[in-house]
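Structure file model39.txt (compact mmCIF, C-alpha atoms) follows.
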```txt
# COMPACT_ATOMS: atom_id res chain seq x y z
CA MET A 1 -33.68 -127.92 22.31
CA ASN A 2 -36.66 -130.16 22.85
CA VAL A 3 -38.66 -130.03 19.63
CA SER A 4 -41.06 -132.80 20.63
CA LYS A 5 -42.64 -130.92 23.51
CA PRO A 6 -46.37 -130.50 22.82
CA ALA A 7 -47.60 -126.98 22.16
CA ARG A 8 -49.77 -125.41 24.83
CA LEU A 9 -53.27 -124.19 24.07
CA HIS A 10 -55.45 -122.22 26.45
CA VAL A 11 -58.95 -120.97 25.57
CA GLU A 12 -61.47 -119.27 27.79
CA VAL A 13 -64.77 -117.38 27.70
CA THR A 14 -65.05 -115.51 30.97
CA ARG A 15 -67.02 -112.85 32.82
CA ASP A 16 -63.89 -111.87 34.78
CA PRO A 17 -61.50 -109.06 33.79
CA ILE A 18 -58.69 -110.22 31.52
CA ASP A 19 -55.23 -110.41 33.07
CA LEU A 20 -52.93 -110.15 30.07
CA ALA A 21 -49.73 -110.44 32.14
CA ALA A 22 -50.94 -113.75 33.60
CA LEU A 23 -51.78 -115.07 30.12
CA GLN A 24 -48.34 -114.03 28.87
CA ALA A 25 -46.64 -115.67 31.84
CA GLY A 26 -48.61 -118.85 31.13
CA MET A 27 -47.12 -118.99 27.63
CA ALA A 28 -43.52 -118.42 28.72
CA ASP A 29 -41.28 -120.86 26.85
CA PRO A 30 -37.50 -121.00 26.68
CA GLY A 31 -37.75 -121.95 23.01
CA ALA A 32 -39.70 -118.80 22.16
CA GLY A 33 -38.00 -115.78 20.66
CA ALA A 34 -41.29 -113.93 20.27
CA HIS A 35 -44.34 -113.54 22.47
CA LEU A 36 -46.98 -111.60 20.59
CA SER A 37 -50.12 -110.27 22.23
CA PHE A 38 -53.28 -108.66 20.95
CA LEU A 39 -55.62 -106.87 23.32
CA GLY A 40 -58.99 -105.64 22.03
CA THR A 41 -60.50 -102.86 24.14
CA VAL A 42 -63.82 -101.00 24.34
CA ARG A 43 -63.59 -97.79 22.29
CA ASP A 44 -65.48 -94.65 23.33
CA HIS A 45 -66.92 -93.79 19.92
CA LYS A 46 -68.58 -95.29 16.85
CA GLN A 47 -69.06 -93.21 13.71
CA GLY A 48 -69.20 -89.95 15.63
CA ARG A 49 -71.45 -91.26 18.38
CA ARG A 50 -70.31 -91.59 21.95
CA VAL A 51 -70.19 -95.18 23.19
CA LEU A 52 -70.80 -95.51 26.93
CA ARG A 53 -70.19 -99.24 27.30
CA ILE A 54 -70.44 -102.49 25.36
CA GLU A 55 -72.31 -105.61 26.34
CA TYR A 56 -70.90 -108.92 25.07
CA GLU A 57 -72.98 -112.07 24.79
CA ALA A 58 -71.76 -115.53 23.77
CA TYR A 59 -73.13 -118.94 22.97
CA VAL A 60 -70.60 -120.11 25.53
CA PRO A 61 -70.12 -123.82 24.80
CA MET A 62 -69.86 -123.19 21.07
CA ALA A 63 -67.62 -120.13 21.54
CA ARG A 64 -65.21 -122.28 23.55
CA LYS A 65 -65.31 -124.94 20.85
CA GLU A 66 -64.63 -122.42 18.06
CA LEU A 67 -61.81 -120.76 20.02
CA ARG A 68 -60.24 -124.17 20.46
CA ARG A 69 -60.65 -124.86 16.75
CA ILE A 70 -58.81 -121.60 15.95
CA GLY A 71 -56.08 -122.53 18.42
CA GLU A 72 -55.67 -125.93 16.84
CA SER A 73 -55.35 -124.45 13.37
CA LEU A 74 -52.68 -122.05 14.68
CA LEU A 75 -50.70 -125.05 15.89
CA GLU A 76 -51.17 -126.83 12.57
CA ARG A 77 -50.32 -123.93 10.27
CA TRP A 78 -47.46 -122.19 12.11
CA PRO A 79 -44.66 -123.37 14.40
CA VAL A 80 -46.52 -122.10 17.47
CA LEU A 81 -45.17 -123.15 20.87
CA GLY A 82 -48.17 -121.91 22.79
CA ALA A 83 -51.36 -119.93 22.24
CA SER A 84 -53.87 -118.37 24.59
CA LEU A 85 -57.25 -117.15 23.29
CA VAL A 86 -59.53 -115.45 25.81
CA HIS A 87 -62.76 -113.51 25.31
CA ARG A 88 -64.61 -111.68 28.03
CA ILE A 89 -68.42 -111.35 28.09
CA GLY A 90 -70.85 -109.25 30.11
CA MET A 91 -71.02 -105.46 30.44
CA LEU A 92 -67.68 -103.79 29.74
CA GLN A 93 -66.74 -100.17 30.31
CA VAL A 94 -64.72 -97.99 27.93
CA GLY A 95 -61.05 -98.98 28.05
CA GLU A 96 -61.65 -102.50 29.37
CA ALA A 97 -60.26 -105.45 27.45
CA SER A 98 -62.78 -107.66 25.65
CA VAL A 99 -60.35 -110.05 23.99
CA ALA A 100 -56.75 -111.13 24.54
CA LEU A 101 -54.66 -113.35 22.30
CA VAL A 102 -51.12 -114.46 23.07
CA VAL A 103 -48.93 -116.46 20.71
CA ALA A 104 -45.45 -117.76 21.45
CA THR A 105 -43.19 -118.70 18.54
CA ALA A 106 -39.48 -119.23 17.96
CA HIS A 107 -39.40 -116.34 15.44
CA ARG A 108 -41.55 -113.24 15.14
CA ALA A 109 -42.75 -113.55 11.52
CA ALA A 110 -44.82 -116.66 12.21
CA GLY A 111 -46.17 -115.07 15.38
CA PHE A 112 -47.47 -111.97 13.59
CA GLU A 113 -49.16 -114.08 10.92
CA ALA A 114 -50.70 -116.46 13.44
CA LEU A 115 -51.98 -113.63 15.61
CA ARG A 116 -53.57 -111.84 12.65
CA TYR A 117 -55.24 -115.05 11.51
CA ALA A 118 -56.54 -115.70 15.04
CA ILE A 119 -58.22 -112.32 15.54
CA GLU A 120 -59.73 -112.18 12.05
CA THR A 121 -61.13 -115.72 12.34
CA LEU A 122 -62.41 -115.05 15.84
CA LYS A 123 -64.43 -112.06 14.63
CA LYS A 124 -65.95 -114.12 11.82
CA ASP A 125 -66.61 -117.53 13.38
CA VAL A 126 -66.80 -117.38 17.17
CA PRO A 127 -70.42 -116.94 18.32
CA ILE A 128 -70.00 -113.76 20.35
CA TRP A 129 -72.02 -110.58 19.83
CA LYS A 130 -71.66 -107.04 21.06
CA LYS A 131 -74.35 -104.55 21.85
CA GLU A 132 -73.16 -100.96 21.88
CA HIS A 133 -74.77 -98.68 24.44
CA PHE A 134 -75.00 -95.05 23.34
CA GLU A 135 -76.35 -92.03 25.19
CA ASP A 136 -79.64 -92.36 23.30
CA GLY A 137 -80.08 -96.10 22.90
CA GLU A 138 -78.42 -99.42 22.22
CA VAL A 139 -77.86 -101.58 19.17
CA TRP A 140 -76.50 -105.03 18.30
CA VAL A 141 -73.47 -104.62 16.05
CA GLN A 142 -74.27 -106.37 12.79
CA GLU A 143 -71.11 -105.98 10.76
CA GLY A 144 -67.68 -107.34 11.66
CA SER A 145 -65.93 -104.34 13.18
CA MET B 146 -89.59 -135.33 17.18
CA LYS B 147 -88.61 -132.40 19.34
CA ILE B 148 -85.79 -129.97 18.56
CA GLN B 149 -84.57 -127.40 21.04
CA VAL B 150 -84.02 -123.97 19.46
CA LEU B 151 -81.71 -121.32 20.90
CA PHE B 152 -81.88 -117.65 19.91
CA PHE B 153 -78.99 -115.24 20.39
CA ALA B 154 -78.48 -111.47 20.29
CA ALA B 155 -80.62 -109.81 17.59
CA ALA B 156 -82.40 -113.12 16.91
CA ARG B 157 -83.42 -113.37 20.55
CA ASP B 158 -84.79 -109.82 20.47
CA ALA B 159 -86.69 -110.60 17.25
CA ALA B 160 -88.16 -113.84 18.58
CA GLY B 161 -88.89 -112.29 21.97
CA ARG B 162 -87.46 -115.30 23.77
CA GLU B 163 -84.24 -117.22 24.41
CA THR B 164 -85.36 -120.75 23.63
CA ASP B 165 -88.18 -122.69 22.08
CA THR B 166 -89.02 -126.33 21.47
CA ILE B 167 -90.30 -127.22 18.04
CA ASP B 168 -91.92 -130.42 16.84
CA VAL B 169 -90.88 -131.57 13.35
CA PRO B 170 -91.17 -134.86 11.44
CA SER B 171 -88.24 -137.25 11.91
CA GLN B 172 -85.48 -136.94 9.27
CA SER B 173 -86.24 -133.22 8.91
CA SER B 174 -83.51 -131.04 7.47
CA VAL B 175 -82.36 -127.76 8.99
CA ARG B 176 -84.20 -126.04 6.14
CA GLN B 177 -87.49 -127.63 7.23
CA VAL B 178 -86.93 -126.67 10.85
CA LEU B 179 -86.23 -123.09 9.76
CA ASP B 180 -89.38 -122.96 7.64
CA ALA B 181 -91.38 -123.99 10.70
CA LEU B 182 -89.56 -121.36 12.77
CA TRP B 183 -90.31 -118.48 10.38
CA GLN B 184 -94.01 -119.40 10.61
CA ARG B 185 -93.93 -119.54 14.36
CA HIS B 186 -91.77 -116.43 14.89
CA PRO B 187 -92.48 -114.03 12.01
CA GLY B 188 -90.27 -111.44 13.70
CA LEU B 189 -87.28 -113.51 12.59
CA VAL B 190 -88.11 -113.30 8.89
CA PRO B 191 -86.26 -110.00 8.23
CA LEU B 192 -83.10 -111.62 9.69
CA ARG B 193 -83.30 -114.91 7.83
CA GLU B 194 -80.71 -114.10 5.14
CA THR B 195 -78.15 -113.08 7.75
CA LEU B 196 -78.47 -115.98 10.20
CA ARG B 197 -76.07 -118.90 10.44
CA VAL B 198 -77.18 -122.16 12.00
CA ALA B 199 -75.42 -124.49 14.41
CA VAL B 200 -76.61 -127.90 15.55
CA ASN B 201 -75.15 -129.17 18.81
CA GLU B 202 -72.52 -126.38 18.72
CA ASP B 203 -71.25 -127.02 15.18
CA PHE B 204 -72.02 -124.95 12.07
CA VAL B 205 -74.24 -126.88 9.65
CA ALA B 206 -75.66 -126.39 6.16
CA ALA B 207 -79.37 -126.20 5.35
CA ASP B 208 -79.50 -129.83 4.18
CA HIS B 209 -78.14 -131.20 7.49
CA VAL B 210 -80.60 -133.72 8.95
CA VAL B 211 -81.53 -133.13 12.59
CA GLY B 212 -82.33 -135.72 15.24
CA GLU B 213 -84.48 -135.97 18.35
CA GLY B 214 -83.26 -133.68 21.11
CA ASP B 215 -80.77 -131.75 18.93
CA ARG B 216 -79.99 -128.17 19.90
CA LEU B 217 -80.36 -125.85 16.92
CA ALA B 218 -78.97 -122.33 17.40
CA LEU B 219 -79.76 -119.26 15.31
CA LEU B 220 -76.64 -117.13 15.08
CA PRO B 221 -76.75 -113.53 13.81
CA PRO B 222 -73.56 -112.15 12.19
CA MET B 223 -70.88 -112.38 14.83
CA SER B 224 -69.32 -109.27 16.28
CA GLY B 225 -66.87 -110.44 18.91
CA GLY B 226 -63.43 -108.96 19.35
```
Taking this structure as input, can you express it in the form of structure tokens?
Amino acid sequence: MNVSKPARLHVEVTRDPIDLAALQAGMADPGAGAHLSFLGTVRDHKQGRRVLRIEYEAYVPMARKELRRIGESLLERWPVLGASLVHRIGMLQVGEASVALVVATAHRAAGFEALRYAIETLKKDVPIWKKEHFEDGEVWVQEGS
Amino acid sequence: MKIQVLFFAAARDAAGRETDTIDVPSQSSVRQVLDALWQRHPGLVPLRETLRVAVNEDFVAADHVVGEGDRLALLPPMSGG
């Protein structure tokens, strides 16, 4: 077991569709007993209204910086072997993935905690905004949701 | 000195533009830049309590002192994920 190997960190803000399998493959590690993934997708409703699509906007250089900051705190706080944090921007259709997080750890408990921390912090501190498009108009989402 | 201002999401809609350049005295704080911005873009005033501010891609507090050519961004509550 090579415990001195540096952890891997991958962050990305992209207009391209998210390929979760590729992100997972990129975090493959023989020392990992758990690979946890979170995929956030565009939901077709909001408080009884039909959502047609969601438009994501980012302050890209800062979003990258904040994603990296989250990744670095994952590595500091948990025994994470590798982490991948990717957010998509642009116009997304219902069912498409807007965010993907992958965390590789030796044991699952740390992975679940790290993943939860990553998504909650991302929603709070990474400068990305969504505009929901309804049948009768569109609105910037103001609350963390 | 000149500060570049970036507006995002609801703040961009309220200001009616993506960027602006604002002239403020040297050694101005973020608070002073914001006061000048509310005057210049009154549409932003209803949002002022909700906005966070970044300078050169880092979150800063209102007493942060800005410098020539800094990029100050107005960030509405984030809603990524």
* So how many Å separate CA of Pro221 in chain B and CA of Val141 in chain A, to one decimal? -> 9.8 Å
* To do: One decimal, Å: what's the distance from CA of Gly111 in chain A over to CA of Leu23 in chain A, could you say?
  => 15.8 Å
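Among the candidates B:Asp208, B:Asp215, B:Asp168, B:Asp158, the one nearest to chain A when counting all atoms listed in the file is B:Asp158.
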* Asked: Any idea what the distance is between CA of Trp129 in chain A and CA of Thr105 in chain A?
  -> 30.0 Å
Dump as a PDB file with C-alpha atoms, keeping the file's coordinate frame the residues of chain B that approach chain A to within 12 Å, counting only C-alpha atoms.
```
ATOM      1  CA  LEU B 151     -81.710-121.320  20.900  1.00  0.00           C
ATOM      2  CA  PHE B 152     -81.880-117.650  19.910  1.00  0.00           C
ATOM      3  CA  PHE B 153     -78.990-115.240  20.390  1.00  0.00           C
ATOM      4  CA  ALA B 154     -78.480-111.470  20.290  1.00  0.00           C
ATOM      5  CA  ALA B 155     -80.620-109.810  17.590  1.00  0.00           C
ATOM      6  CA  ALA B 156     -82.400-113.120  16.910  1.00  0.00           C
ATOM      7  CA  ARG B 157     -83.420-113.370  20.550  1.00  0.00           C
ATOM      8  CA  ASP B 158     -84.790-109.820  20.470  1.00  0.00           C
ATOM      9  CA  ALA B 159     -86.690-110.600  17.250  1.00  0.00           C
ATOM     10  CA  GLU B 163     -84.240-117.220  24.410  1.00  0.00           C
ATOM     11  CA  LEU B 192     -83.100-111.620   9.690  1.00  0.00           C
ATOM     12  CA  THR B 195     -78.150-113.080   7.750  1.00  0.00           C
ATOM     13  CA  LEU B 196     -78.470-115.980  10.200  1.00  0.00           C
ATOM     14  CA  ARG B 197     -76.070-118.900  10.440  1.00  0.00           C
ATOM     15  CA  VAL B 198     -77.180-122.160  12.000  1.00  0.00           C
ATOM     16  CA  ALA B 199     -75.420-124.490  14.410  1.00  0.00           C
ATOM     17  CA  VAL B 200     -76.610-127.900  15.550  1.00  0.00           C
ATOM     18  CA  ASN B 201     -75.150-129.170  18.810  1.00  0.00           C
ATOM     19  CA  GLU B 202     -72.520-126.380  18.720  1.00  0.00           C
ATOM     20  CA  ASP B 203     -71.250-127.020  15.180  1.00  0.00           C
ATOM     21  CA  PHE B 204     -72.020-124.950  12.070  1.00  0.00           C
ATOM     22  CA  ARG B 216     -79.990-128.170  19.900  1.00  0.00           C
ATOM     23  CA  LEU B 217     -80.360-125.850  16.920  1.00  0.00           C
ATOM     24  CA  ALA B 218     -78.970-122.330  17.400  1.00  0.00           C
ATOM     25  CA  LEU B 219     -79.760-119.260  15.310  1.00  0.00           C
ATOM     26  CA  LEU B 220     -76.640-117.130  15.080  1.00  0.00           C
ATOM     27  CA  PRO B 221     -76.750-113.530  13.810  1.00  0.00           C
ATOM     28  CA  PRO B 222     -73.560-112.150  12.190  1.00  0.00           C
ATOM     29  CA  MET B 223     -70.880-112.380  14.830  1.00  0.00           C
ATOM     30  CA  SER B 224     -69.320-109.270  16.280  1.00  0.00           C
ATOM     31  CA  GLY B 225     -66.870-110.440  18.910  1.00  0.00           C
ATOM     32  CA  GLY B 226     -63.430-108.960  19.350  1.00  0.00           C
TER      33      GLY B 226
END
```
* To do: Considering all atoms listed in the file, state which residue in the set A:Asp44, A:Leu52, A:His35, A:Gly95 is at the smallest distance from Pro17 in chain A.
  => A:Gly95
* Asked: Can you list, as an MDAnalysis selection string, every protein, DNA or RNA residue that comes within 12 Å of Gly214 in chain B when you count all atoms listed in the file, leaving out same-chain residues fewer than 3 positions away?
  -> chainID B and resid 146:150 166:169 171 200:201 211 217
Preceding selection exported with C-alpha atoms as a PDB file, in the frame of the given file:
```pdb
ATOM      1  CA  MET B 146     -89.590-135.330  17.180  1.00  0.00           C
ATOM      2  CA  LYS B 147     -88.610-132.400  19.340  1.00  0.00           C
ATOM      3  CA  ILE B 148     -85.790-129.970  18.560  1.00  0.00           C
ATOM      4  CA  GLN B 149     -84.570-127.400  21.040  1.00  0.00           C
ATOM      5  CA  VAL B 150     -84.020-123.970  19.460  1.00  0.00           C
ATOM      6  CA  THR B 166     -89.020-126.330  21.470  1.00  0.00           C
ATOM      7  CA  ILE B 167     -90.300-127.220  18.040  1.00  0.00           C
ATOM      8  CA  ASP B 168     -91.920-130.420  16.840  1.00  0.00           C
ATOM      9  CA  VAL B 169     -90.880-131.570  13.350  1.00  0.00           C
ATOM     10  CA  SER B 171     -88.240-137.250  11.910  1.00  0.00           C
ATOM     11  CA  VAL B 200     -76.610-127.900  15.550  1.00  0.00           C
ATOM     12  CA  ASN B 201     -75.150-129.170  18.810  1.00  0.00           C
ATOM     13  CA  VAL B 211     -81.530-133.130  12.590  1.00  0.00           C
ATOM     14  CA  LEU B 217     -80.360-125.850  16.920  1.00  0.00           C
TER      15      LEU B 217
END
```
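By chain and then residue number, the residues within 10 Å of Lys46 in chain A are Arg43, Arg49, Arg50, Val51, Glu132 and Phe134 of chain A, counting only C-alpha atoms and disregarding those fewer than 3 positions away in sequence.
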Written selection (C-alpha atoms) as a short mmCIF file (atom, residue, chain, number, x, y, z; two decimals), in the coordinates of the input:
```cif
data_model
loop_
_atom_site.label_atom_id
_atom_site.label_comp_id
_atom_site.auth_asym_id
_atom_site.auth_seq_id
_atom_site.Cartn_x
_atom_site.Cartn_y
_atom_site.Cartn_z
CA ARG A 43 -63.59 -97.79 22.29
CA ARG A 49 -71.45 -91.26 18.38
CA ARG A 50 -70.31 -91.59 21.95
CA VAL A 51 -70.19 -95.18 23.19
CA GLU A 132 -73.16 -100.96 21.88
CA PHE A 134 -75.00 -95.05 23.34
#
```
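Nearest to Ala28 in chain A of all the residues A:Gly82, A:Gly71, A:Gly137, A:Gly90 is A:Gly82, based on all atoms listed in the file.
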* Excluding Ala34 in chain A and residues on its chain fewer than 4 positions from it, collect all residues at most 10 Å away from it, counting all atoms listed in the file, and give them as a list in words. => Ala28, Asp29, Val103, Ala104, Thr105, Ala106, His107, Arg108, Ala109, Ala110, Gly111 and Phe112 of chain A
